[in-house]
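All remarks here apply to the structure that follows.
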Amino acid sequence: MNVATYNFAYLDEQTKRMIRRAILKAIAIPGYQVPFASREMPMPYGWGTGGVQITASIIGPDDVLKVIDQGADDTTNAVSIRAFFAKVANVAVTTHTADATIIQTRHRIPEKTLQAGQVLVCQVPIPEPLRFLEPRETETRKMHALEEYGLMHVKLYEDIAKHGRIATTYAYPVKVEGRYVMDPSPTPKFDNPKMHMSEALQLFGAGREKRIYAVPPHTEVVSLDFEDHPFTIQHFDEPCALCGAEQVYLDEVILDDHGGHMFVCSDTDNCEERRAAGHRGKLAGHALEAAE
Amino acid sequence: MPALRIDQVVEQLGLAIDRVMGEGSLYDKDLAALAILQARGDLIEAIFLVRAYRTTLPRFGNSTPIDTGAMQIERRISATFKDLPGGQVLGPTFDYTHRLLDPSLLSGLTDAPEVTPSAPESTPRVTDLLNGEGLIEPDFGAAGEELNQPVGDLTREPLEFPLDRDLRLQALARGDEGFLLGLGYSTQRGYARNHPFVGEIRIGEVEVELDIPELGFAVSLGRIKVTECQMVNQFKGSATVPPQFTRGYGLVFGQAERKAMSMSLVDRALRAREFGEDIKGIAQDEEFVISHCDNVQATGFVEHLKLPHYVDFQAELDLIRRMRGEFEARQDETALREAAE
């Protein structure tokens, strides 16, 4: 009976080469979705197989990997993917954004500004920004080819007509380098401005849908909007309850069944670093200590 | 309770093994059995395990096309002819059995059903018999493409719609049995009806051969069991093609008759474009069928909803609170105005 053995970083070298070619093409045409021969991975489709394939193809023994989900290093799927690469590639892993050479993420971009030399790998469920306006791939590819994005503007306009505002809060469409409309993956629109002129390379992998796309460093990324309804990001009314940070994305944590809740940083690494540096929010624990 | 052994699974759950090998696209009974044990009998999970192993295997060549005409027949039936060269061979099947639970099995499985040894006489394929009269489209299809041209591989190249039939058949062969069964069934109930007859179903072992360039001829790698279904369908003809029977084709690893039949119904439905037929049923819609027939993809994406989504949910929560705030403010305003009037 065959005993299963696996290559460095799981994928065989031929597959990695194929994926690297797709990545190079994606970098050459910012925002364009490059079809690639996505492989079955040992985690389910929809759980980050696109991101895992990109990471597996670009990771080397000297890389330092950080994996986050919902902004946090300690969510189950992030832990699982980090453990996978620690096992099959035996690479160093970290939770510190600044120390990582590759950051694989689902649904967030870290708060700390990314630097040149870092690679952000986003996991993408539905890479096609036009998919929910037109379900057919044959049609949407044509629309991209002809730069026919009127449908998207009509959708955003209808939002304003119905709701008084653009009602898209995450996976908010962007235009890359003035050409392709791109889905930034389901990050909250709060993170869209971080993509603009970023020094880091941003790669996007959709495993089930077999697409890779990229935003190279120093690329223009503009969120779609209208002159009289300019793009805005979410603002929270209170700072993080643990580190007191403002102008960051917060998660709501339910405290009891009487509607009590607190807001804490979605980016756990950023929050920990701020607390280590002495920042305190209103529920950071000092109140309890004082009471003792 | 003593643990099940791999060989027990291989021998006693043979049809589950066949499904895992077929939809897992890897012909290895031991690995399929291991996957079924590891997945505690969840066949889609087992298929997933096999796929995730298969994908790491290097590809060293493509076999020459298997010759199902030279199959060592275990079972061969035709619904279109009462008798035919090679005969009707019932073989192992649940057909015509009474579905009564058998208490005698409580004391352990009886021996596996005896497999009838291969019919010694040659057993030509029914479609080849019909072909002699020119009543059915030849093997190379209505478009008249050549035999033995290279075939695509969706596990190595990304799919690009519209597809050619080779890739479609590959996707269907790996596709979920239940999904294809439902789609095949829908064509029988009027959603793109195509008047099918089972020309032939045959199950048995075939030789797999590989061309070795250094040797200049093909050598046998071994034998695999496959199920082949040739569905014969009506076609009224067109301006350029005379009226003739057309075909839907199903070919699956192991013994998987239900899957092979469903596959051939759906294959025929998906050839609508080729025959210039109206596309009226969902089974004829290539993008819909092929994009959704893979159970490993489907189960992954459906089940990913279990993953945390609270960052996006927070964004929606924020929006709905603001919109409700505005709504309530408007209500208050209206109430105030009405009270004032």
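How things are named: the first chain in the structure tokens is A, the next is B, and so on; residues count from 1 in each chain; ligands count from 1 in the order shown.
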
- Query: Out of segment 148-274 of chain B, which residues get strand (DSSP E or B) from DSSP, as number ranges by chain?
  - Reply: B: 196-212, 217-233, 245-253

- Task: Name all residues at most 7 Å from Phe204 of chain A (count only C-alpha atoms; drop same-chain ones fewer than 5 positions away) and give them as a list of chain:residue names.
- Result: A:Gly51, A:Val121, A:Cys122, A:Gln123, A:Val124, A:Ile212, A:Tyr213, A:Ala214

- Please, which residues of chain B lie no more than 9 Å from chain A when the count uses only C-alpha atoms, and can they be set out as a PyMOL selection string? chain B and resi 30-31+48-49+51-58+154-162+287-288+291+296-305+307-312+314-316+318-319+323

- Please measure the separation of atom CA of Leu120 of chain A and atom CA of Asp269 of chain A, giving the value in Å to one decimal.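 Pair atom CA of Leu120 of chain A / atom CA of Asp269 of chain A returns 15.6 Å.
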
- Expected answer as number ranges by chain: alpha helix (DSSP H) residues in segment 3-89 of chain A: A: 13-28, 49-58, 76-88

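Ranking B:Arg125, B:Arg59, B:Lys225, B:Lys29 by their shortest atom-to-atom distance to Val10 of chain B, with only C-alpha atoms included, puts B:Lys29 first.
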
- Query: Leaving out Lys66 of chain A and any residue of its chain fewer than 2 positions from it, which residues lie within 6 Å of it when counting only C-alpha atoms, given as a PyMOL selection string?
  - Reply: chain A and resi 93-95+100+103

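Between atom CA of His229 of chain A and atom CA of Tyr149 of chain A the separation is 17.9 Å.
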
- Query: With distances taken over only C-alpha atoms, which of B:Leu180, B:Val241, B:Ala35, B:Ala218 is nearest to Ile282 of chain B?
  - Reply: B:Leu180

- Query: Out of B:Gly152, B:Pro65, B:Gly175, B:Gly204, which residue has the shortest atom-to-atom distance to Gln255 of chain B when counting only C-alpha atoms?
  - Reply: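 Going through B:Gly152, B:Pro65, B:Gly175, B:Gly204 one by one, the smallest distance to Gln255 of chain B is for B:Gly204.
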
Close residues, Tyr32 of chain A itself excluded, 9 Å, only C-alpha atoms, min 4 positions apart in chain, as a PDB file with C-alpha atoms, in the first residue's frame:
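The resulting out_5.pdb:
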```pdb
ATOM      1  CA  LYS A  25       0.705  37.424 -14.649  1.00  0.00           C
ATOM      2  CA  ALA A  26      -1.610  38.802 -11.972  1.00  0.00           C
ATOM      3  CA  ILE A  27       1.069  41.265 -10.863  1.00  0.00           C
ATOM      4  CA  ALA A  28       1.620  42.325 -14.463  1.00  0.00           C
ATOM      5  CA  HIS A 144     -14.246  43.157 -17.823  1.00  0.00           C
ATOM      6  CA  VAL A 176      -7.356  49.148  -9.657  1.00  0.00           C
ATOM      7  CA  ARG A 179      -8.705  49.743 -15.248  1.00  0.00           C
ATOM      8  CA  TYR A 180     -10.127  46.627 -13.578  1.00  0.00           C
ATOM      9  CA  VAL A 181     -12.933  46.623 -11.044  1.00  0.00           C
ATOM     10  CA  MET A 182     -11.850  44.210  -8.334  1.00  0.00           C
ATOM     11  CA  ILE A 212      -5.581  34.609  -8.649  1.00  0.00           C
ATOM     12  CA  TYR A 213      -5.303  38.380  -8.778  1.00  0.00           C
ATOM     13  CA  ALA A 214      -2.916  40.950  -7.397  1.00  0.00           C
TER      14      ALA A 214
END
```

- How far is it from atom CA of Asp211 of chain B to atom CA of Gly250 of chain B, in Å with one decimal?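 Separating atom CA of Asp211 of chain B from atom CA of Gly250 of chain B is a distance of 24.8 Å.
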
- Within 10 Å of Leu251 of chain B, counting only C-alpha atoms, which residues show up once you throw out same-chain ones fewer than 2 positions away? Write them as an NGL selection string, please. :B and (22 or 68 or 169-170 or 172-173 or 201-203 or 226-230 or 249 or 253-254 or 256-257 or 259-261 or 263-264)

- Query: Could you name the residues that touch Phe84 of chain A at 10 Å or less, counting only C-alpha atoms, but leaving out those on the same chain fewer than 4 positions away, as a ChimeraX atom specification?
  - Reply: /A:9-10,42-43,52,78-80,88-90

Those residues with N, CA and C atoms, as a CSV table (one decimal), in the first residue's frame please?
```csv
chain,number,residue,atom,x,y,z
A,9,ALA,N,6.0,22.3,1.9
A,9,ALA,CA,4.9,23.2,1.7
A,9,ALA,C,3.7,22.5,1.0
A,10,TYR,N,3.7,21.1,1.1
A,10,TYR,CA,2.5,20.3,0.6
A,10,TYR,C,2.5,20.2,-0.9
A,42,PRO,N,-5.7,20.1,1.5
A,42,PRO,CA,-6.2,19.2,2.6
A,42,PRO,C,-7.2,20.0,3.5
A,43,MET,N,-7.6,21.2,3.2
A,43,MET,CA,-8.7,21.9,3.9
A,43,MET,C,-9.8,22.1,2.9
A,52,VAL,N,-4.0,29.5,0.8
A,52,VAL,CA,-3.1,28.5,1.1
A,52,VAL,C,-2.2,28.1,-0.1
A,78,ALA,N,-7.4,30.4,11.5
A,78,ALA,CA,-6.0,30.9,11.5
A,78,ALA,C,-5.0,30.0,12.2
A,79,VAL,N,-5.4,29.6,13.3
A,79,VAL,CA,-4.5,28.6,14.0
A,79,VAL,C,-4.2,27.4,13.2
A,80,SER,N,-5.3,26.9,12.6
A,80,SER,CA,-5.2,25.7,11.8
A,80,SER,C,-4.3,25.9,10.6
A,88,VAL,N,4.0,21.3,7.4
A,88,VAL,CA,4.5,20.9,6.1
A,88,VAL,C,5.7,21.7,5.6
A,89,ALA,N,5.9,22.9,6.1
A,89,ALA,CA,7.0,23.7,5.6
A,89,ALA,C,8.0,24.0,6.7
A,90,ASN,N,7.7,23.7,7.9
A,90,ASN,CA,8.6,23.9,9.0
A,90,ASN,C,9.2,25.3,9.0
```

- Message: I'd like the neighbourhood of Pro127 of chain A as a list in words, where a residue qualifies if any of its atoms comes within 7 Å (using only C-alpha atoms), though same-chain residues fewer than 4 positions away should be ignored.
- Response: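 That gives Asp183, Ser185, Ala206 and Arg211 of chain A.
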
Can you write just those residues out, N, CA and C atoms, as a short mmCIF file (atom, residue, chain, number, x, y, z; two decimals), in the first residue's frame?
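Ended up saving to selection_3.cif:
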```cif
data_model
loop_
_atom_site.label_atom_id
_atom_site.label_comp_id
_atom_site.auth_asym_id
_atom_site.auth_seq_id
_atom_site.Cartn_x
_atom_site.Cartn_y
_atom_site.Cartn_z
N ASP A 183 -12.76 42.82 -6.60
CA ASP A 183 -13.33 42.54 -5.29
C ASP A 183 -12.17 42.47 -4.29
N SER A 185 -11.96 41.10 -1.65
CA SER A 185 -12.29 40.00 -0.74
C SER A 185 -13.17 40.58 0.36
N ALA A 206 -8.41 32.60 -4.91
CA ALA A 206 -9.73 31.98 -4.78
C ALA A 206 -9.59 30.55 -5.29
N ARG A 211 -9.09 31.33 -9.31
CA ARG A 211 -8.63 32.63 -9.78
C ARG A 211 -7.58 33.20 -8.83
#
```

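In this comparison, which uses only C-alpha atoms, the residue of A:Thr232, A:Gln247, A:Asn192, A:Gln118 approaching Pro216 of chain A most closely is A:Gln118.
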